[in-house]
>>> print(open('protein_13.txt').read())   # compact mmCIF, N, CA and C atoms
# COMPACT_ATOMS: atom_id res chain seq x y z
N VAL M 1 62.90 -77.42 86.97
CA VAL M 1 64.34 -77.21 87.17
C VAL M 1 65.10 -77.89 86.03
N GLN M 2 66.03 -77.16 85.48
CA GLN M 2 66.89 -77.72 84.42
C GLN M 2 68.31 -77.83 84.97
N LEU M 3 68.84 -79.04 84.92
CA LEU M 3 70.22 -79.27 85.37
C LEU M 3 71.15 -79.18 84.17
N VAL M 4 72.17 -78.34 84.31
CA VAL M 4 73.10 -78.13 83.21
C VAL M 4 74.51 -78.40 83.71
N GLU M 5 75.09 -79.49 83.22
CA GLU M 5 76.46 -79.86 83.58
C GLU M 5 77.43 -79.34 82.53
N SER M 6 78.63 -78.98 82.99
CA SER M 6 79.66 -78.52 82.08
C SER M 6 81.03 -78.82 82.67
N GLY M 7 82.06 -78.68 81.84
CA GLY M 7 83.42 -78.81 82.32
C GLY M 7 84.09 -80.13 81.99
N GLY M 8 83.39 -81.01 81.31
CA GLY M 8 84.01 -82.28 80.95
C GLY M 8 85.05 -82.11 79.86
N GLY M 9 85.73 -83.21 79.56
CA GLY M 9 86.73 -83.16 78.52
C GLY M 9 87.60 -84.41 78.52
N LEU M 10 88.63 -84.35 77.69
CA LEU M 10 89.60 -85.44 77.62
C LEU M 10 90.85 -84.99 78.35
N VAL M 11 91.31 -85.80 79.26
CA VAL M 11 92.48 -85.46 80.06
C VAL M 11 93.34 -86.71 80.26
N GLN M 12 94.62 -86.53 80.26
CA GLN M 12 95.53 -87.65 80.48
C GLN M 12 95.50 -88.09 81.94
N ALA M 13 95.85 -89.34 82.17
CA ALA M 13 95.90 -89.86 83.54
C ALA M 13 96.78 -88.97 84.40
N GLY M 14 96.29 -88.67 85.59
CA GLY M 14 96.99 -87.78 86.50
C GLY M 14 96.54 -86.34 86.40
N GLY M 15 95.74 -86.05 85.39
CA GLY M 15 95.27 -84.68 85.19
C GLY M 15 94.05 -84.34 86.03
N SER M 16 93.54 -83.13 85.83
CA SER M 16 92.43 -82.62 86.64
C SER M 16 91.34 -82.02 85.76
N LEU M 17 90.14 -82.06 86.25
CA LEU M 17 89.01 -81.37 85.65
C LEU M 17 88.11 -80.86 86.76
N ARG M 18 87.38 -79.80 86.45
CA ARG M 18 86.39 -79.28 87.38
C ARG M 18 85.04 -79.22 86.68
N LEU M 19 84.11 -80.00 87.17
CA LEU M 19 82.78 -80.02 86.61
C LEU M 19 81.88 -79.04 87.36
N SER M 20 80.94 -78.47 86.64
CA SER M 20 79.94 -77.58 87.24
C SER M 20 78.55 -78.09 86.89
N CYS M 21 77.63 -77.85 87.79
CA CYS M 21 76.25 -78.22 87.54
C CYS M 21 75.36 -77.14 88.12
N ARG M 22 74.60 -76.48 87.26
CA ARG M 22 73.71 -75.43 87.71
C ARG M 22 72.28 -75.93 87.65
N ALA M 23 71.56 -75.72 88.74
CA ALA M 23 70.15 -76.08 88.81
C ALA M 23 69.33 -74.85 88.44
N SER M 24 69.18 -74.66 87.13
CA SER M 24 68.48 -73.48 86.65
C SER M 24 66.99 -73.59 86.96
N GLY M 25 66.46 -72.54 87.57
CA GLY M 25 65.03 -72.52 87.89
C GLY M 25 64.69 -73.05 89.27
N ALA M 26 65.69 -73.54 90.00
CA ALA M 26 65.43 -74.05 91.34
C ALA M 26 65.13 -72.90 92.28
N ILE M 27 64.14 -73.08 93.13
CA ILE M 27 63.85 -72.10 94.17
C ILE M 27 64.99 -72.15 95.17
N LEU M 28 65.53 -70.97 95.52
CA LEU M 28 66.74 -70.93 96.33
C LEU M 28 66.56 -71.65 97.66
N SER M 29 65.43 -71.45 98.31
CA SER M 29 65.22 -72.09 99.61
C SER M 29 65.18 -73.61 99.47
N VAL M 30 64.68 -74.09 98.35
CA VAL M 30 64.65 -75.54 98.12
C VAL M 30 66.07 -76.03 97.87
N PHE M 31 66.78 -75.36 96.98
CA PHE M 31 68.15 -75.78 96.69
C PHE M 31 69.00 -75.82 97.95
N ASN M 32 68.83 -74.79 98.77
CA ASN M 32 69.62 -74.72 100.01
C ASN M 32 69.38 -75.91 100.92
N SER M 33 68.20 -76.49 100.84
CA SER M 33 67.80 -77.50 101.81
C SER M 33 67.99 -78.94 101.36
N VAL M 34 68.37 -79.12 100.10
CA VAL M 34 68.47 -80.50 99.60
C VAL M 34 69.92 -80.94 99.46
N ALA M 35 70.10 -82.25 99.55
CA ALA M 35 71.40 -82.82 99.24
C ALA M 35 71.54 -82.92 97.73
N MET M 36 72.75 -82.76 97.25
CA MET M 36 73.04 -82.88 95.83
C MET M 36 74.10 -83.95 95.63
N GLY M 37 74.03 -84.61 94.51
CA GLY M 37 74.99 -85.66 94.23
C GLY M 37 75.56 -85.56 92.84
N TRP M 38 76.79 -86.02 92.69
CA TRP M 38 77.39 -86.22 91.38
C TRP M 38 77.38 -87.73 91.13
N TYR M 39 76.91 -88.08 89.93
CA TYR M 39 76.81 -89.46 89.52
C TYR M 39 77.69 -89.69 88.31
N ARG M 40 78.11 -90.93 88.14
CA ARG M 40 78.94 -91.28 86.99
C ARG M 40 78.34 -92.51 86.31
N GLN M 41 78.29 -92.45 84.99
CA GLN M 41 77.86 -93.61 84.22
C GLN M 41 78.98 -93.99 83.28
N ALA M 42 79.67 -95.06 83.61
CA ALA M 42 80.74 -95.56 82.77
C ALA M 42 80.14 -96.31 81.59
N PRO M 43 80.88 -96.45 80.51
CA PRO M 43 80.37 -97.16 79.33
C PRO M 43 79.88 -98.57 79.69
N GLY M 44 78.64 -98.87 79.34
CA GLY M 44 78.07 -100.18 79.59
C GLY M 44 77.69 -100.46 81.03
N GLU M 45 77.77 -99.43 81.87
CA GLU M 45 77.48 -99.62 83.29
C GLU M 45 76.27 -98.78 83.71
N GLN M 46 75.76 -99.10 84.87
CA GLN M 46 74.68 -98.29 85.44
C GLN M 46 75.25 -97.03 86.07
N ARG M 47 74.42 -96.04 86.18
CA ARG M 47 74.80 -94.79 86.83
C ARG M 47 75.05 -95.06 88.31
N GLU M 48 76.15 -94.51 88.85
CA GLU M 48 76.45 -94.67 90.26
C GLU M 48 76.71 -93.32 90.90
N LEU M 49 76.34 -93.23 92.16
CA LEU M 49 76.58 -92.01 92.92
C LEU M 49 78.02 -92.02 93.41
N VAL M 50 78.78 -90.98 93.09
CA VAL M 50 80.19 -90.95 93.49
C VAL M 50 80.48 -89.94 94.59
N ALA M 51 79.66 -88.89 94.69
CA ALA M 51 79.91 -87.87 95.70
C ALA M 51 78.59 -87.21 96.07
N GLN M 52 78.45 -86.90 97.35
CA GLN M 52 77.25 -86.23 97.85
C GLN M 52 77.66 -85.04 98.67
N ILE M 53 76.84 -83.99 98.64
CA ILE M 53 77.01 -82.87 99.54
C ILE M 53 75.65 -82.55 100.11
N PHE M 54 75.59 -82.46 101.42
CA PHE M 54 74.33 -82.28 102.12
C PHE M 54 74.07 -80.80 102.36
N ALA M 55 72.89 -80.52 102.90
CA ALA M 55 72.50 -79.12 103.11
C ALA M 55 73.47 -78.41 104.05
N ASP M 56 74.04 -79.15 105.00
CA ASP M 56 75.01 -78.53 105.93
C ASP M 56 76.42 -78.51 105.35
N LYS M 57 76.54 -78.88 104.09
CA LYS M 57 77.80 -78.89 103.34
C LYS M 57 78.74 -80.01 103.77
N SER M 58 78.28 -80.94 104.56
CA SER M 58 79.06 -82.13 104.79
C SER M 58 79.06 -82.96 103.52
N THR M 59 80.05 -83.81 103.37
CA THR M 59 80.24 -84.53 102.11
C THR M 59 80.46 -86.02 102.36
N LYS M 60 80.25 -86.78 101.29
CA LYS M 60 80.45 -88.21 101.34
C LYS M 60 80.89 -88.66 99.96
N TYR M 61 81.83 -89.62 99.92
CA TYR M 61 82.38 -90.08 98.64
C TYR M 61 82.46 -91.61 98.63
N ILE M 62 82.43 -92.15 97.42
CA ILE M 62 82.73 -93.58 97.32
C ILE M 62 84.24 -93.75 97.49
N ASP M 63 84.64 -94.93 97.90
CA ASP M 63 86.04 -95.16 98.25
C ASP M 63 86.99 -94.86 97.09
N SER M 64 86.59 -95.17 95.89
CA SER M 64 87.52 -95.05 94.76
C SER M 64 87.88 -93.61 94.41
N VAL M 65 87.12 -92.65 94.90
CA VAL M 65 87.42 -91.25 94.58
C VAL M 65 87.85 -90.45 95.80
N LYS M 66 87.82 -91.06 96.97
CA LYS M 66 88.24 -90.35 98.18
C LYS M 66 89.68 -89.88 98.04
N GLY M 67 89.90 -88.64 98.44
CA GLY M 67 91.24 -88.07 98.34
C GLY M 67 91.58 -87.51 96.98
N ARG M 68 90.71 -87.75 95.99
CA ARG M 68 90.97 -87.23 94.64
C ARG M 68 89.87 -86.28 94.17
N PHE M 69 88.65 -86.50 94.59
CA PHE M 69 87.51 -85.66 94.19
C PHE M 69 87.04 -84.83 95.38
N ILE M 70 86.59 -83.62 95.09
CA ILE M 70 85.98 -82.77 96.10
C ILE M 70 84.69 -82.19 95.53
N ILE M 71 83.62 -82.33 96.29
CA ILE M 71 82.33 -81.76 95.88
C ILE M 71 82.08 -80.50 96.71
N ILE M 72 81.66 -79.46 96.03
CA ILE M 72 81.44 -78.16 96.64
C ILE M 72 80.11 -77.62 96.15
N ARG M 73 79.43 -76.85 96.97
CA ARG M 73 78.21 -76.21 96.51
C ARG M 73 78.27 -74.72 96.78
N ASP M 74 77.72 -73.96 95.84
CA ASP M 74 77.56 -72.52 95.99
C ASP M 74 76.06 -72.26 95.88
N ASN M 75 75.41 -72.17 97.02
CA ASN M 75 73.95 -72.06 97.00
C ASN M 75 73.48 -70.78 96.32
N SER M 76 74.24 -69.70 96.48
CA SER M 76 73.81 -68.44 95.87
C SER M 76 73.74 -68.55 94.35
N LYS M 77 74.52 -69.46 93.80
CA LYS M 77 74.52 -69.68 92.35
C LYS M 77 73.74 -70.94 91.96
N ARG M 78 73.16 -71.60 92.95
CA ARG M 78 72.44 -72.86 92.69
C ARG M 78 73.33 -73.82 91.91
N THR M 79 74.57 -73.88 92.28
CA THR M 79 75.57 -74.63 91.52
C THR M 79 76.35 -75.57 92.42
N VAL M 80 76.61 -76.74 91.89
CA VAL M 80 77.45 -77.73 92.56
C VAL M 80 78.65 -78.01 91.67
N TYR M 81 79.81 -78.15 92.27
CA TYR M 81 81.04 -78.40 91.54
C TYR M 81 81.63 -79.75 91.94
N LEU M 82 82.38 -80.32 91.04
CA LEU M 82 83.15 -81.53 91.36
C LEU M 82 84.57 -81.32 90.86
N GLN M 83 85.47 -81.08 91.80
CA GLN M 83 86.89 -80.95 91.47
C GLN M 83 87.48 -82.35 91.45
N MET M 84 88.04 -82.72 90.32
CA MET M 84 88.57 -84.07 90.15
C MET M 84 90.05 -83.98 89.84
N ASP M 85 90.84 -84.53 90.73
CA ASP M 85 92.30 -84.53 90.57
C ASP M 85 92.80 -85.95 90.41
N ASN M 86 94.02 -86.07 89.89
CA ASN M 86 94.64 -87.38 89.68
C ASN M 86 93.68 -88.34 88.99
N LEU M 87 93.10 -87.87 87.91
CA LEU M 87 92.13 -88.68 87.19
C LEU M 87 92.77 -89.94 86.62
N GLN M 88 92.00 -91.00 86.62
CA GLN M 88 92.46 -92.30 86.15
C GLN M 88 91.51 -92.83 85.07
N PRO M 89 91.96 -93.77 84.25
CA PRO M 89 91.08 -94.30 83.19
C PRO M 89 89.73 -94.80 83.72
N GLU M 90 89.73 -95.34 84.92
CA GLU M 90 88.46 -95.85 85.47
C GLU M 90 87.48 -94.74 85.85
N ASP M 91 87.92 -93.50 85.78
CA ASP M 91 87.03 -92.37 86.03
C ASP M 91 86.26 -91.97 84.77
N THR M 92 86.58 -92.57 83.66
CA THR M 92 85.90 -92.26 82.40
C THR M 92 84.42 -92.54 82.49
N GLY M 93 83.63 -91.62 81.97
CA GLY M 93 82.19 -91.79 81.97
C GLY M 93 81.49 -90.46 81.77
N VAL M 94 80.17 -90.53 81.78
CA VAL M 94 79.36 -89.31 81.73
C VAL M 94 78.96 -88.98 83.16
N TYR M 95 79.21 -87.74 83.55
CA TYR M 95 78.94 -87.29 84.90
C TYR M 95 77.67 -86.43 84.91
N TYR M 96 76.80 -86.76 85.85
CA TYR M 96 75.54 -86.05 86.03
C TYR M 96 75.43 -85.57 87.47
N CYS M 97 74.65 -84.54 87.67
CA CYS M 97 74.32 -84.15 89.04
C CYS M 97 72.81 -84.23 89.20
N ASN M 98 72.38 -84.33 90.43
CA ASN M 98 70.94 -84.29 90.72
C ASN M 98 70.73 -84.14 92.21
N ARG M 99 69.53 -83.75 92.52
CA ARG M 99 69.04 -83.78 93.88
C ARG M 99 69.10 -85.22 94.36
N GLU M 100 69.42 -85.38 95.63
CA GLU M 100 69.73 -86.73 96.07
C GLU M 100 69.16 -86.99 97.45
N GLY M 101 68.61 -88.20 97.63
CA GLY M 101 68.27 -88.68 98.97
C GLY M 101 66.84 -88.52 99.43
N ASP M 102 66.03 -87.73 98.68
CA ASP M 102 64.65 -87.55 99.15
C ASP M 102 63.63 -88.07 98.15
N GLY M 103 64.09 -88.76 97.14
CA GLY M 103 63.17 -89.34 96.17
C GLY M 103 62.50 -88.36 95.24
N GLN M 104 62.97 -87.12 95.24
CA GLN M 104 62.34 -86.09 94.40
C GLN M 104 63.35 -85.55 93.39
N GLU M 105 63.99 -86.46 92.68
CA GLU M 105 64.99 -86.05 91.71
C GLU M 105 64.39 -85.13 90.65
N TRP M 106 65.21 -84.21 90.18
CA TRP M 106 64.83 -83.39 89.05
C TRP M 106 65.13 -84.13 87.75
N ALA M 107 64.64 -83.61 86.66
CA ALA M 107 64.92 -84.23 85.37
C ALA M 107 66.42 -84.21 85.12
N TRP M 108 66.95 -85.29 84.63
CA TRP M 108 68.38 -85.40 84.40
C TRP M 108 68.83 -84.48 83.27
N GLY M 109 70.00 -83.92 83.43
CA GLY M 109 70.59 -83.10 82.39
C GLY M 109 71.30 -83.95 81.36
N GLN M 110 72.04 -83.28 80.51
CA GLN M 110 72.72 -83.99 79.42
C GLN M 110 74.02 -84.64 79.86
N GLY M 111 74.50 -84.23 81.01
CA GLY M 111 75.74 -84.80 81.53
C GLY M 111 76.98 -84.16 80.94
N ALA M 112 78.10 -84.50 81.54
CA ALA M 112 79.41 -84.01 81.08
C ALA M 112 80.31 -85.22 80.86
N GLN M 113 80.81 -85.34 79.65
CA GLN M 113 81.66 -86.49 79.31
C GLN M 113 83.08 -86.26 79.83
N VAL M 114 83.59 -87.22 80.57
CA VAL M 114 84.97 -87.21 81.04
C VAL M 114 85.66 -88.44 80.46
N THR M 115 86.75 -88.21 79.78
CA THR M 115 87.49 -89.30 79.16
C THR M 115 88.95 -89.24 79.60
N VAL M 116 89.41 -90.35 80.17
CA VAL M 116 90.79 -90.48 80.60
C VAL M 116 91.36 -91.71 79.89
N PRO M 117 92.13 -91.52 78.84
CA PRO M 117 92.64 -92.67 78.07
C PRO M 117 93.58 -93.52 78.90
N SER M 118 93.53 -94.82 78.63
CA SER M 118 94.45 -95.72 79.34
C SER M 118 95.75 -95.87 78.58
>>> encode(input="protein_13.txt", output="structure tokens")
Amino acid sequence: VQLVESGGGLVQAGGSLRLSCRASGAILSVFNSVAMGWYRQAPGEQRELVAQIFADKSTKYIDSVKGRFIIIRDNSKRTVYLQMDNLQPEDTGVYYCNREGDGQEWAWGQGAQVTVPS
């Protein structure tokens, strides 16, 4: 499986971006059944999980992004999205997606750079 993230960019504080992540080569039945997560790696920091979407499409977010980020999945496209609104400088980082919660992560993609100048 190849994870391909896209949609990053430079945006002013208060702006929005929509990230996409396609799990190319994933077996549809497997993709349908796994939780997916969006992770963020800020400069000089470890990668952290910011949003999760489970097989039943329920979601979970870290406190700092609640009310601003929405994670969505389109199983038919093997794609997960992260709608990010009211972006802030602390949201700056490289965003990655991956299978989450079962210890069987796929190889990490190249990520999508999000930059929000202070």
>>> atom_distance(input="protein_13.txt", atom1="CA of Leu87 in chain M", atom2="atom N of Leu49 in chain M")
17.2 Å
>>> select_by_dssp(input="protein_13.txt", residues="range 35-100 of chain M", states="helix (DSSP H, G or I)", output="ChimeraX atom specification")
/M:63-65,75-77,89-91
>>> atom_distance(input="protein_13.txt", atom1="CA of Arg40 in chain M", atom2="CA of Arg78 in chain M")
20.3 Å
>>> closest_residue(input="protein_13.txt", among="M:Asp74, M:Asp85, M:Asp56, M:Asp63", to="Ala23 in chain M", atoms="only C-alpha atoms")
M:Asp74
>>> atom_distance(input="protein_13.txt", atom1="CA of Thr79 in chain M", atom2="atom N of Gly15 in chain M")
24.0 Å
>>> closest_residue(input="protein_13.txt", among="M:Gly7, M:Pro117, M:Gly103, M:Pro89", to="Cys21 in chain M", atoms="all atoms listed in the file")
M:Gly7
>>> residues_around(input="protein_13.txt", residues="Ala26 in chain M", least_positions_apart="4", cutoff="8 Å", atoms="only C-alpha atoms", output="JSON, numbers by chain")
{"M": [1, 2, 30, 31, 78]}
>>> residues_around(input="protein_13.txt", residues="Ile72 in chain M", least_positions_apart="2", cutoff="10 Å", atoms="only C-alpha atoms", output="list in words")
Ser20, Met36, Ala51, Gln52, Ile53, Phe54, Lys57, Ser58, Thr59, Phe69, Ile70, Asp74, Asn75, Thr79, Val80, Tyr81, Leu82 and Gln83 of chain M
>>> select_by_dssp(input="protein_13.txt", residues="chain M", states="strand (DSSP E or B)", output="PyMOL selection string")
chain M and resi 2-6+9-10+17-24+35-41+48-53+59-61+69-74+79-84+93-100+112-115
>>> residues_around(input="protein_13.txt", residues="Gly9 in chain M", least_positions_apart="3", cutoff="8 Å", atoms="only C-alpha atoms", output="PDB file with N, CA and C atoms, in the frame of the given file")
ATOM      1  N   LEU M  17      90.140 -82.060  86.250  1.00  0.00           N
ATOM      2  CA  LEU M  17      89.010 -81.370  85.650  1.00  0.00           C
ATOM      3  C   LEU M  17      88.110 -80.860  86.760  1.00  0.00           C
ATOM      4  N   ALA M 112      78.100 -84.500  81.540  1.00  0.00           N
ATOM      5  CA  ALA M 112      79.410 -84.010  81.080  1.00  0.00           C
ATOM      6  C   ALA M 112      80.310 -85.220  80.860  1.00  0.00           C
ATOM      7  N   GLN M 113      80.810 -85.340  79.650  1.00  0.00           N
ATOM      8  CA  GLN M 113      81.660 -86.490  79.310  1.00  0.00           C
ATOM      9  C   GLN M 113      83.080 -86.260  79.830  1.00  0.00           C
ATOM     10  N   VAL M 114      83.590 -87.220  80.570  1.00  0.00           N
ATOM     11  CA  VAL M 114      84.970 -87.210  81.040  1.00  0.00           C
ATOM     12  C   VAL M 114      85.660 -88.440  80.460  1.00  0.00           C
ATOM     13  N   THR M 115      86.750 -88.210  79.780  1.00  0.00           N
ATOM     14  CA  THR M 115      87.490 -89.300  79.160  1.00  0.00           C
ATOM     15  C   THR M 115      88.950 -89.240  79.600  1.00  0.00           C
TER      16      THR M 115
END
>>> closest_residue(input="protein_13.txt", among="M:Asn98, M:Leu28, M:Ser16, M:Val4", to="Ser76 in chain M", atoms="only N, CA and C atoms")
M:Leu28
>>> residues_around(input="protein_13.txt", residues="Gln41 in chain M", least_positions_apart="3", cutoff="8 Å", atoms="only C-alpha atoms", output="PyMOL selection string")
chain M and resi 45-48+93-95
>>> closest_residue(input="protein_13.txt", among="M:Gly111, M:Lys66, M:Leu3, M:Gly14", to="Tyr96 in chain M", atoms="only N, CA and C atoms")
M:Gly111
>>> closest_residue(input="protein_13.txt", among="M:Val116, M:Gln110, M:Val11, M:Arg18", to="Cys97 in chain M", atoms="all atoms listed in the file")
M:Gln110
>>> build_atoms(input="protein_13.txt", residues="range 90-109 of chain M", atoms="N, CA, C and O atoms", output="PDB file, keeping the file's coordinate frame")
ATOM      1  N   GLU M  90      89.730 -95.340  84.920  1.00  0.00           N
ATOM      2  CA  GLU M  90      88.460 -95.850  85.470  1.00  0.00           C
ATOM      3  C   GLU M  90      87.480 -94.740  85.850  1.00  0.00           C
ATOM      4  O   GLU M  90      86.341 -95.018  86.200  1.00  0.00           O
ATOM      5  N   ASP M  91      87.920 -93.500  85.780  1.00  0.00           N
ATOM      6  CA  ASP M  91      87.030 -92.370  86.030  1.00  0.00           C
ATOM      7  C   ASP M  91      86.260 -91.970  84.770  1.00  0.00           C
ATOM      8  O   ASP M  91      85.386 -91.097  84.830  1.00  0.00           O
ATOM      9  N   THR M  92      86.580 -92.570  83.660  1.00  0.00           N
ATOM     10  CA  THR M  92      85.900 -92.260  82.400  1.00  0.00           C
ATOM     11  C   THR M  92      84.420 -92.540  82.490  1.00  0.00           C
ATOM     12  O   THR M  92      83.992 -93.567  83.033  1.00  0.00           O
ATOM     13  N   GLY M  93      83.630 -91.620  81.970  1.00  0.00           N
ATOM     14  CA  GLY M  93      82.190 -91.790  81.970  1.00  0.00           C
ATOM     15  C   GLY M  93      81.490 -90.460  81.770  1.00  0.00           C
ATOM     16  O   GLY M  93      82.134 -89.424  81.621  1.00  0.00           O
ATOM     17  N   VAL M  94      80.170 -90.530  81.780  1.00  0.00           N
ATOM     18  CA  VAL M  94      79.360 -89.310  81.730  1.00  0.00           C
ATOM     19  C   VAL M  94      78.960 -88.980  83.160  1.00  0.00           C
ATOM     20  O   VAL M  94      78.464 -89.833  83.891  1.00  0.00           O
ATOM     21  N   TYR M  95      79.210 -87.740  83.550  1.00  0.00           N
ATOM     22  CA  TYR M  95      78.940 -87.290  84.900  1.00  0.00           C
ATOM     23  C   TYR M  95      77.670 -86.430  84.910  1.00  0.00           C
ATOM     24  O   TYR M  95      77.509 -85.515  84.092  1.00  0.00           O
ATOM     25  N   TYR M  96      76.800 -86.760  85.850  1.00  0.00           N
ATOM     26  CA  TYR M  96      75.540 -86.050  86.030  1.00  0.00           C
ATOM     27  C   TYR M  96      75.430 -85.570  87.470  1.00  0.00           C
ATOM     28  O   TYR M  96      76.010 -86.162  88.381  1.00  0.00           O
ATOM     29  N   CYS M  97      74.650 -84.540  87.670  1.00  0.00           N
ATOM     30  CA  CYS M  97      74.320 -84.150  89.040  1.00  0.00           C
ATOM     31  C   CYS M  97      72.810 -84.230  89.200  1.00  0.00           C
ATOM     32  O   CYS M  97      72.058 -84.203  88.219  1.00  0.00           O
ATOM     33  N   ASN M  98      72.380 -84.330  90.430  1.00  0.00           N
ATOM     34  CA  ASN M  98      70.940 -84.290  90.720  1.00  0.00           C
ATOM     35  C   ASN M  98      70.730 -84.140  92.210  1.00  0.00           C
ATOM     36  O   ASN M  98      71.624 -84.345  93.022  1.00  0.00           O
ATOM     37  N   ARG M  99      69.530 -83.750  92.520  1.00  0.00           N
ATOM     38  CA  ARG M  99      69.040 -83.780  93.880  1.00  0.00           C
ATOM     39  C   ARG M  99      69.100 -85.220  94.360  1.00  0.00           C
ATOM     40  O   ARG M  99      68.838 -86.148  93.599  1.00  0.00           O
ATOM     41  N   GLU M 100      69.420 -85.380  95.630  1.00  0.00           N
ATOM     42  CA  GLU M 100      69.730 -86.730  96.070  1.00  0.00           C
ATOM     43  C   GLU M 100      69.160 -86.990  97.450  1.00  0.00           C
ATOM     44  O   GLU M 100      69.176 -86.119  98.318  1.00  0.00           O
ATOM     45  N   GLY M 101      68.610 -88.200  97.630  1.00  0.00           N
ATOM     46  CA  GLY M 101      68.270 -88.680  98.970  1.00  0.00           C
ATOM     47  C   GLY M 101      66.840 -88.520  99.430  1.00  0.00           C
ATOM     48  O   GLY M 101      66.473 -89.100 100.457  1.00  0.00           O
ATOM     49  N   ASP M 102      66.030 -87.730  98.680  1.00  0.00           N
ATOM     50  CA  ASP M 102      64.650 -87.550  99.150  1.00  0.00           C
ATOM     51  C   ASP M 102      63.630 -88.070  98.150  1.00  0.00           C
ATOM     52  O   ASP M 102      62.424 -87.845  98.328  1.00  0.00           O
ATOM     53  N   GLY M 103      64.090 -88.760  97.140  1.00  0.00           N
ATOM     54  CA  GLY M 103      63.170 -89.340  96.170  1.00  0.00           C
ATOM     55  C   GLY M 103      62.500 -88.360  95.240  1.00  0.00           C
ATOM     56  O   GLY M 103      61.555 -88.723  94.534  1.00  0.00           O
ATOM     57  N   GLN M 104      62.970 -87.120  95.240  1.00  0.00           N
ATOM     58  CA  GLN M 104      62.340 -86.090  94.400  1.00  0.00           C
ATOM     59  C   GLN M 104      63.350 -85.550  93.390  1.00  0.00           C
ATOM     60  O   GLN M 104      63.537 -84.337  93.279  1.00  0.00           O
ATOM     61  N   GLU M 105      63.990 -86.460  92.680  1.00  0.00           N
ATOM     62  CA  GLU M 105      64.990 -86.050  91.710  1.00  0.00           C
ATOM     63  C   GLU M 105      64.390 -85.130  90.650  1.00  0.00           C
ATOM     64  O   GLU M 105      63.224 -85.276  90.271  1.00  0.00           O
ATOM     65  N   TRP M 106      65.210 -84.210  90.180  1.00  0.00           N
ATOM     66  CA  TRP M 106      64.830 -83.390  89.050  1.00  0.00           C
ATOM     67  C   TRP M 106      65.130 -84.130  87.750  1.00  0.00           C
ATOM     68  O   TRP M 106      65.795 -85.180  87.769  1.00  0.00           O
ATOM     69  N   ALA M 107      64.640 -83.610  86.660  1.00  0.00           N
ATOM     70  CA  ALA M 107      64.920 -84.230  85.370  1.00  0.00           C
ATOM     71  C   ALA M 107      66.420 -84.210  85.120  1.00  0.00           C
ATOM     72  O   ALA M 107      67.089 -83.205  85.382  1.00  0.00           O
ATOM     73  N   TRP M 108      66.950 -85.290  84.630  1.00  0.00           N
ATOM     74  CA  TRP M 108      68.380 -85.400  84.400  1.00  0.00           C
ATOM     75  C   TRP M 108      68.830 -84.480  83.270  1.00  0.00           C
ATOM     76  O   TRP M 108      68.136 -84.318  82.268  1.00  0.00           O
ATOM     77  N   GLY M 109      70.000 -83.920  83.430  1.00  0.00           N
ATOM     78  CA  GLY M 109      70.590 -83.100  82.390  1.00  0.00           C
ATOM     79  C   GLY M 109      71.300 -83.950  81.360  1.00  0.00           C
ATOM     80  O   GLY M 109      71.194 -85.181  81.359  1.00  0.00           O
TER      81      GLY M 109
END
